[in-house]
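Structure file protein10.tsv (TSV, C-alpha atoms) is printed below.
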```tsv
chain	number	residue	atom	x	y	z
A	18	MET	CA	4.06	-14.64	2.84
A	19	LYS	CA	3.45	-11.01	1.94
A	20	LEU	CA	7.15	-10.56	1.11
A	21	ARG	CA	7.02	-13.61	-1.18
A	22	THR	CA	4.19	-11.95	-3.08
A	23	LEU	CA	6.17	-8.71	-3.42
A	24	VAL	CA	9.18	-10.67	-4.66
A	25	GLU	CA	6.94	-12.17	-7.36
A	26	LEU	CA	5.71	-8.68	-8.26
A	27	SER	CA	9.28	-7.40	-8.41
A	28	LYS	CA	10.18	-10.23	-10.81
A	29	LEU	CA	7.21	-9.38	-13.04
A	30	GLY	CA	7.74	-5.61	-12.99
A	31	LEU	CA	4.89	-3.31	-13.97
A	32	GLY	CA	4.94	-3.83	-17.71
A	33	ASN	CA	7.04	-2.44	-20.55
A	34	GLU	CA	4.80	0.57	-21.16
A	35	THR	CA	4.89	1.85	-17.59
A	36	VAL	CA	7.79	4.22	-16.89
A	37	VAL	CA	8.36	3.41	-13.23
A	38	GLN	CA	11.04	1.77	-11.15
A	39	LEU	CA	9.67	-0.66	-8.59
A	40	ARG	CA	11.12	-0.96	-5.09
A	41	THR	CA	9.77	-3.11	-2.26
A	42	LEU	CA	10.25	-2.71	1.49
A	43	GLU	CA	8.69	-4.86	4.23
A	44	LEU	CA	7.13	-3.08	7.21
A	45	PRO	CA	6.50	-4.74	10.61
A	46	VAL	CA	3.10	-5.00	12.32
A	47	ASP	CA	4.30	-2.36	14.78
A	48	TYR	CA	2.70	1.09	15.02
A	49	ARG	CA	5.82	2.94	16.18
A	50	GLU	CA	8.21	1.26	13.77
A	51	ALA	CA	5.77	1.63	10.87
A	52	LYS	CA	5.47	5.34	11.65
A	53	ARG	CA	9.23	5.75	11.73
A	54	ARG	CA	9.77	3.89	8.47
A	55	VAL	CA	6.90	5.50	6.57
A	56	THR	CA	8.14	8.95	7.56
A	57	GLY	CA	11.61	7.94	6.41
A	58	ILE	CA	10.30	6.65	3.08
A	59	TRP	CA	8.74	10.00	2.23
A	60	GLU	CA	11.59	12.13	3.59
A	61	ASP	CA	14.51	10.08	2.25
A	62	HIS	CA	13.19	8.71	-1.05
A	63	GLN	CA	10.55	11.30	-1.99
A	64	PRO	CA	8.56	8.84	-4.16
A	65	GLN	CA	5.69	10.04	-6.32
A	66	LEU	CA	3.55	7.11	-5.17
A	67	VAL	CA	3.70	4.56	-2.34
A	68	VAL	CA	1.50	1.46	-2.59
A	69	HIS	CA	1.05	-0.49	0.63
A	70	VAL	CA	0.16	-4.19	0.43
A	71	GLY	CA	-1.24	-5.70	3.62
A	72	MET	CA	-2.46	-9.21	4.35
A	73	ASP	CA	-5.98	-9.61	5.72
A	74	THR	CA	-6.35	-13.12	7.17
A	75	ALA	CA	-10.16	-12.94	6.82
A	76	ALA	CA	-10.15	-11.71	3.22
A	77	LYS	CA	-11.33	-13.88	0.34
A	78	ALA	CA	-10.49	-11.30	-2.33
A	79	ILE	CA	-8.09	-8.49	-3.15
A	80	ILE	CA	-9.44	-5.33	-1.49
A	81	LEU	CA	-8.64	-1.89	-2.93
A	82	GLU	CA	-8.81	0.68	-0.13
A	83	GLN	CA	-9.78	4.28	-0.96
A	84	SER	CA	-9.25	6.06	2.37
A	85	GLY	CA	-7.26	6.03	5.60
A	86	LYS	CA	-8.67	6.89	9.03
A	87	ASN	CA	-7.05	8.98	11.76
A	88	GLN	CA	-8.86	7.55	14.81
A	89	GLY	CA	-10.02	4.27	16.29
A	90	TYR	CA	-6.69	2.41	16.64
A	91	ARG	CA	-7.33	0.44	19.84
A	92	ASP	CA	-6.07	-3.02	18.89
A	93	ALA	CA	-2.54	-3.72	20.14
A	94	ASP	CA	0.27	-4.51	17.68
A	95	ILE	CA	2.83	-7.34	17.98
A	96	ARG	CA	4.50	-5.44	20.83
A	97	SER	CA	1.24	-4.96	22.75
A	98	PHE	CA	1.25	-1.23	21.90
A	99	TRP	CA	-1.43	1.02	20.42
A	100	PRO	CA	-1.41	4.79	19.79
A	101	GLU	CA	-2.38	7.06	22.66
A	102	GLY	CA	-6.08	7.85	22.41
A	103	GLY	CA	-6.28	5.55	19.37
A	104	VAL	CA	-5.19	8.48	17.17
A	105	CYS	CA	-2.66	8.36	14.34
A	106	LEU	CA	-1.88	12.09	13.98
A	107	PRO	CA	-3.54	14.36	16.58
A	108	GLY	CA	-5.15	17.42	15.02
A	109	SER	CA	-5.25	15.95	11.51
A	110	PRO	CA	-8.44	15.25	9.50
A	111	ASP	CA	-10.51	12.20	10.43
A	112	VAL	CA	-10.25	10.79	6.90
A	113	LEU	CA	-7.71	11.17	4.10
A	114	GLU	CA	-8.55	10.04	0.56
A	115	SER	CA	-6.14	8.55	-1.96
A	116	GLY	CA	-5.51	10.55	-5.13
A	117	VAL	CA	-5.91	7.25	-6.99
A	118	CYS	CA	-9.52	6.38	-7.81
A	119	MET	CA	-9.47	2.82	-6.51
A	120	LYS	CA	-13.04	2.18	-7.64
A	121	ALA	CA	-11.98	2.90	-11.22
A	122	VAL	CA	-8.94	0.65	-10.80
A	123	CYS	CA	-11.26	-2.10	-9.52
A	124	LYS	CA	-13.54	-1.78	-12.55
A	125	ARG	CA	-10.85	-1.55	-15.23
A	126	VAL	CA	-8.63	-4.53	-14.53
A	127	ALA	CA	-9.38	-8.19	-13.78
A	128	VAL	CA	-7.27	-11.28	-13.20
A	129	GLU	CA	-8.83	-14.69	-13.79
A	130	GLY	CA	-9.39	-16.60	-10.57
A	131	VAL	CA	-8.97	-13.61	-8.24
A	132	ASP	CA	-11.94	-11.57	-6.97
A	133	VAL	CA	-11.43	-7.85	-6.40
A	134	ILE	CA	-13.57	-5.49	-4.30
A	135	PHE	CA	-13.55	-1.77	-3.41
A	136	SER	CA	-13.52	-0.54	0.18
A	137	ARG	CA	-13.58	2.67	2.22
A	138	ASP	CA	-12.77	1.02	5.57
A	139	ALA	CA	-9.27	-0.41	5.91
A	140	GLY	CA	-9.85	-1.84	9.39
A	141	ARG	CA	-8.26	0.46	12.02
A	142	TYR	CA	-5.11	-1.59	12.49
A	143	VAL	CA	-1.48	-1.15	11.46
A	144	CYS	CA	-2.27	-1.25	7.71
A	145	ASP	CA	-4.86	1.52	8.01
A	146	TYR	CA	-2.53	3.45	10.33
A	147	THR	CA	0.34	3.14	7.85
A	148	TYR	CA	-1.94	4.15	4.97
A	149	TYR	CA	-3.10	7.30	6.77
A	150	LEU	CA	0.53	8.27	7.45
A	151	SER	CA	1.44	7.82	3.77
A	152	LEU	CA	-1.59	9.78	2.61
A	153	HIS	CA	-0.58	12.57	5.01
A	154	HIS	CA	3.10	12.70	4.04
A	155	GLY	CA	2.44	12.10	0.34
A	156	LYS	CA	-0.53	14.48	0.06
A	157	GLY	CA	-2.75	11.69	-1.25
A	158	CYS	CA	-0.11	9.97	-3.41
A	159	ALA	CA	-0.54	6.57	-1.77
A	160	ALA	CA	-2.68	3.47	-2.10
A	161	LEU	CA	-3.45	0.43	0.03
A	162	ILE	CA	-4.25	-3.03	-1.29
A	163	HIS	CA	-5.33	-5.76	1.13
A	164	VAL	CA	-4.66	-9.31	-0.02
A	165	PRO	CA	-5.85	-12.69	1.32
A	166	PRO	CA	-3.41	-15.26	2.75
A	167	LEU	CA	-1.54	-17.42	0.28
A	168	SER	CA	-3.05	-20.85	-0.30
A	169	ARG	CA	-2.96	-23.73	-2.76
A	170	GLY	CA	-5.63	-21.93	-4.79
A	171	LEU	CA	-3.89	-18.56	-4.46
A	172	PRO	CA	-0.10	-19.05	-4.71
A	173	ALA	CA	2.39	-16.17	-4.55
A	174	SER	CA	2.89	-16.28	-8.33
A	175	LEU	CA	-0.82	-15.74	-9.05
A	176	LEU	CA	-1.18	-13.05	-6.39
A	177	GLY	CA	1.88	-11.28	-7.79
A	178	ARG	CA	0.27	-11.24	-11.25
A	179	ALA	CA	-2.98	-9.98	-9.73
A	180	LEU	CA	-1.19	-7.13	-7.94
A	181	ARG	CA	0.59	-6.21	-11.14
A	182	GLY	CA	-2.72	-6.03	-12.98
A	183	HIS	CA	-4.40	-3.96	-10.25
A	184	HIS	CA	-1.46	-1.73	-9.52
A	185	PRO	CA	-2.53	1.94	-9.89
A	186	ALA	CA	0.42	2.62	-12.20
A	187	ASN	CA	-0.97	0.07	-14.66
A	188	ALA	CA	-4.71	0.36	-14.11
A	189	GLY	CA	-4.88	4.16	-14.15
A	190	ARG	CA	-4.68	4.52	-17.94
A	191	GLY	CA	-7.41	6.60	-19.46
A	192	GLY	CA	-10.73	7.78	-18.08
A	193	LYS	CA	-11.31	8.68	-14.49
A	194	ALA	CA	-8.47	6.55	-13.15
A	195	GLN	CA	-5.89	8.36	-15.25
A	196	ALA	CA	-7.25	11.77	-14.31
A	197	GLN	CA	-6.94	11.05	-10.59
A	198	SER	CA	-3.77	8.98	-10.63
A	199	PRO	CA	-0.54	10.75	-9.58
A	200	VAL	CA	1.76	8.16	-11.17
A	201	ARG	CA	1.85	9.17	-14.81
A	202	ARG	CA	5.30	10.76	-14.43
A	203	LYS	CA	8.58	8.93	-13.98
A	204	LEU	CA	9.14	8.28	-10.28
A	205	ASN	CA	12.04	9.73	-8.32
A	206	HIS	CA	14.21	7.21	-6.52
A	207	GLY	CA	16.92	7.44	-3.91
A	208	PRO	CA	19.60	4.95	-2.83
A	209	SER	CA	18.43	1.44	-1.94
A	210	SER	CA	18.77	0.07	1.58
A	211	GLN	CA	19.97	-3.46	2.24
A	212	ARG	CA	16.39	-4.72	2.69
A	213	GLU	CA	15.08	-3.29	-0.57
A	214	LEU	CA	14.89	-4.90	-3.96
A	215	THR	CA	15.84	-3.04	-7.12
A	216	GLY	CA	13.55	-0.13	-8.10
A	217	GLY	CA	11.89	3.29	-7.13
A	218	LEU	CA	8.13	2.90	-6.54
A	219	LEU	CA	7.79	1.93	-2.89
A	220	LEU	CA	5.37	-0.74	-1.66
```

Hey, can you dump this file as structure tokens for me?
Amino acid sequence: MKLRTLVELSKLGLGNETVVQLRTLELPVDYREAKRRVTGIWEDHQPQLVVHVGMDTAAKAIILEQSGKNQGYRDADIRSFWPEGGVCLPGSPDVLESGVCMKAVCKRVAVEGVDVIFSRDAGRYVCDYTYYLSLHHGKGCAALIHVPPLSRGLPASLLGRALRGHHPANAGRGGKAQAQSPVRRKLNHGPSSQRELTGGLLL
């Protein structure tokens, strides 16, 4: 369902005024594979911003996450694995903050029928783990957006429009959001893999 939402976002693009090229890539709920792929994203593609979109089955709103945590990963993934000691990157800071002011993004943009909230706790699971890795490799040039499951009241088309409206590349225009957003330049992009859609900003 998450991939369907990203397909909708890819169809919509990020708007005519935003000079970015959008690329989507699905990550598994697997700590080791997520770590391998996130490292590869930053080393191979060198994007200026990576936005992760994760589904939270308990969520009733879109949740904009400000920070990633390095410790506390004790819930097993789909392969019954969790990081040794519950730590993402041993010796790294406990918390890494996004260079995008997600609170400002939350305040500036709204989509009718979709609630949006700001958060500093992404849940200590694979999404939070992935986010911390991206913040580490990208020196803060990453964001995480948690979305609720698709439903009759929240179809993929509406969620795609909501993500477009709350995307940091669109919402960070002017004021505090623009000052802290690292996506005001054209993004670099490398060759696409077979699983990617057309574009250069990685989600």

Problem set entry | Neighbour list for A:Ile79 as a VMD selection string, cut-off 6 Å, only C-alpha atoms, skip fewer than 3 positions in-chain | chain A and resid 133 163 to 164

For this session: Work out how far apart atom CA of A:Arg49 and atom CA of A:Gly102 are and give it in Å to one decimal.
Result: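 Computed distance, atom CA of A:Arg49 to atom CA of A:Gly102, equals 14.3 Å.
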
Exercise. How many Å lie between atom CA of A:His153 and atom CA of A:Leu66, rounded to one decimal?
Worked result: 12.3 Å

Exercise. Quick one, how far is atom CA of A:Asp47 from atom CA of A:Tyr90?
Worked result: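 About the pair atom CA of A:Asp47 and atom CA of A:Tyr90: they are 12.1 Å apart.
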
For this session: Quick one: everything within 9 Å of A:Arg96, counting all atoms listed in the file, minus sequence neighbours fewer than 2 positions away in the same chain. Send it as a list in words.
Result: Val46, Asp47, Tyr48, Ala93, Asp94, Phe98 and Trp99 of chain A

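In terms of minimum interatomic distance to A:Val104, A:Arg91 ranks closest within A:Arg91, A:Leu161, A:Ala76, A:Asp132, counting only C-alpha atoms.
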
Can you write out as a Markdown table which residues of stretch 86-164 of chain A fall within 8 Å of stretch 57-62 of chain A, alongside each residue's closest atom pair and its distance in Å to one decimal, counting all atoms listed in the file and ordering rows by chain and ascending residue number?
```
| residue | atom | partner | partner_atom | distance |
| --- | --- | --- | --- | --- |
| A:Ser151 | CA | A:Trp59 | CA | 7.8 |
| A:His154 | CA | A:Trp59 | CA | 6.5 |
| A:Gly155 | CA | A:Trp59 | CA | 6.9 |
```

For this session: Excluding A:Arg137 and residues on its chain fewer than 4 positions from it, collect all residues at most 10 Å away from it, counting only C-alpha atoms, and give them as a VMD selection string.
Result: chain A and resid 80 to 86 112 114 119 to 120

Exercise. Which is closest to A:Ala78 among A:Val55, A:Val143, A:Ile162, A:Val122, if we use all atoms listed in the file?
Worked result: A:Ile162
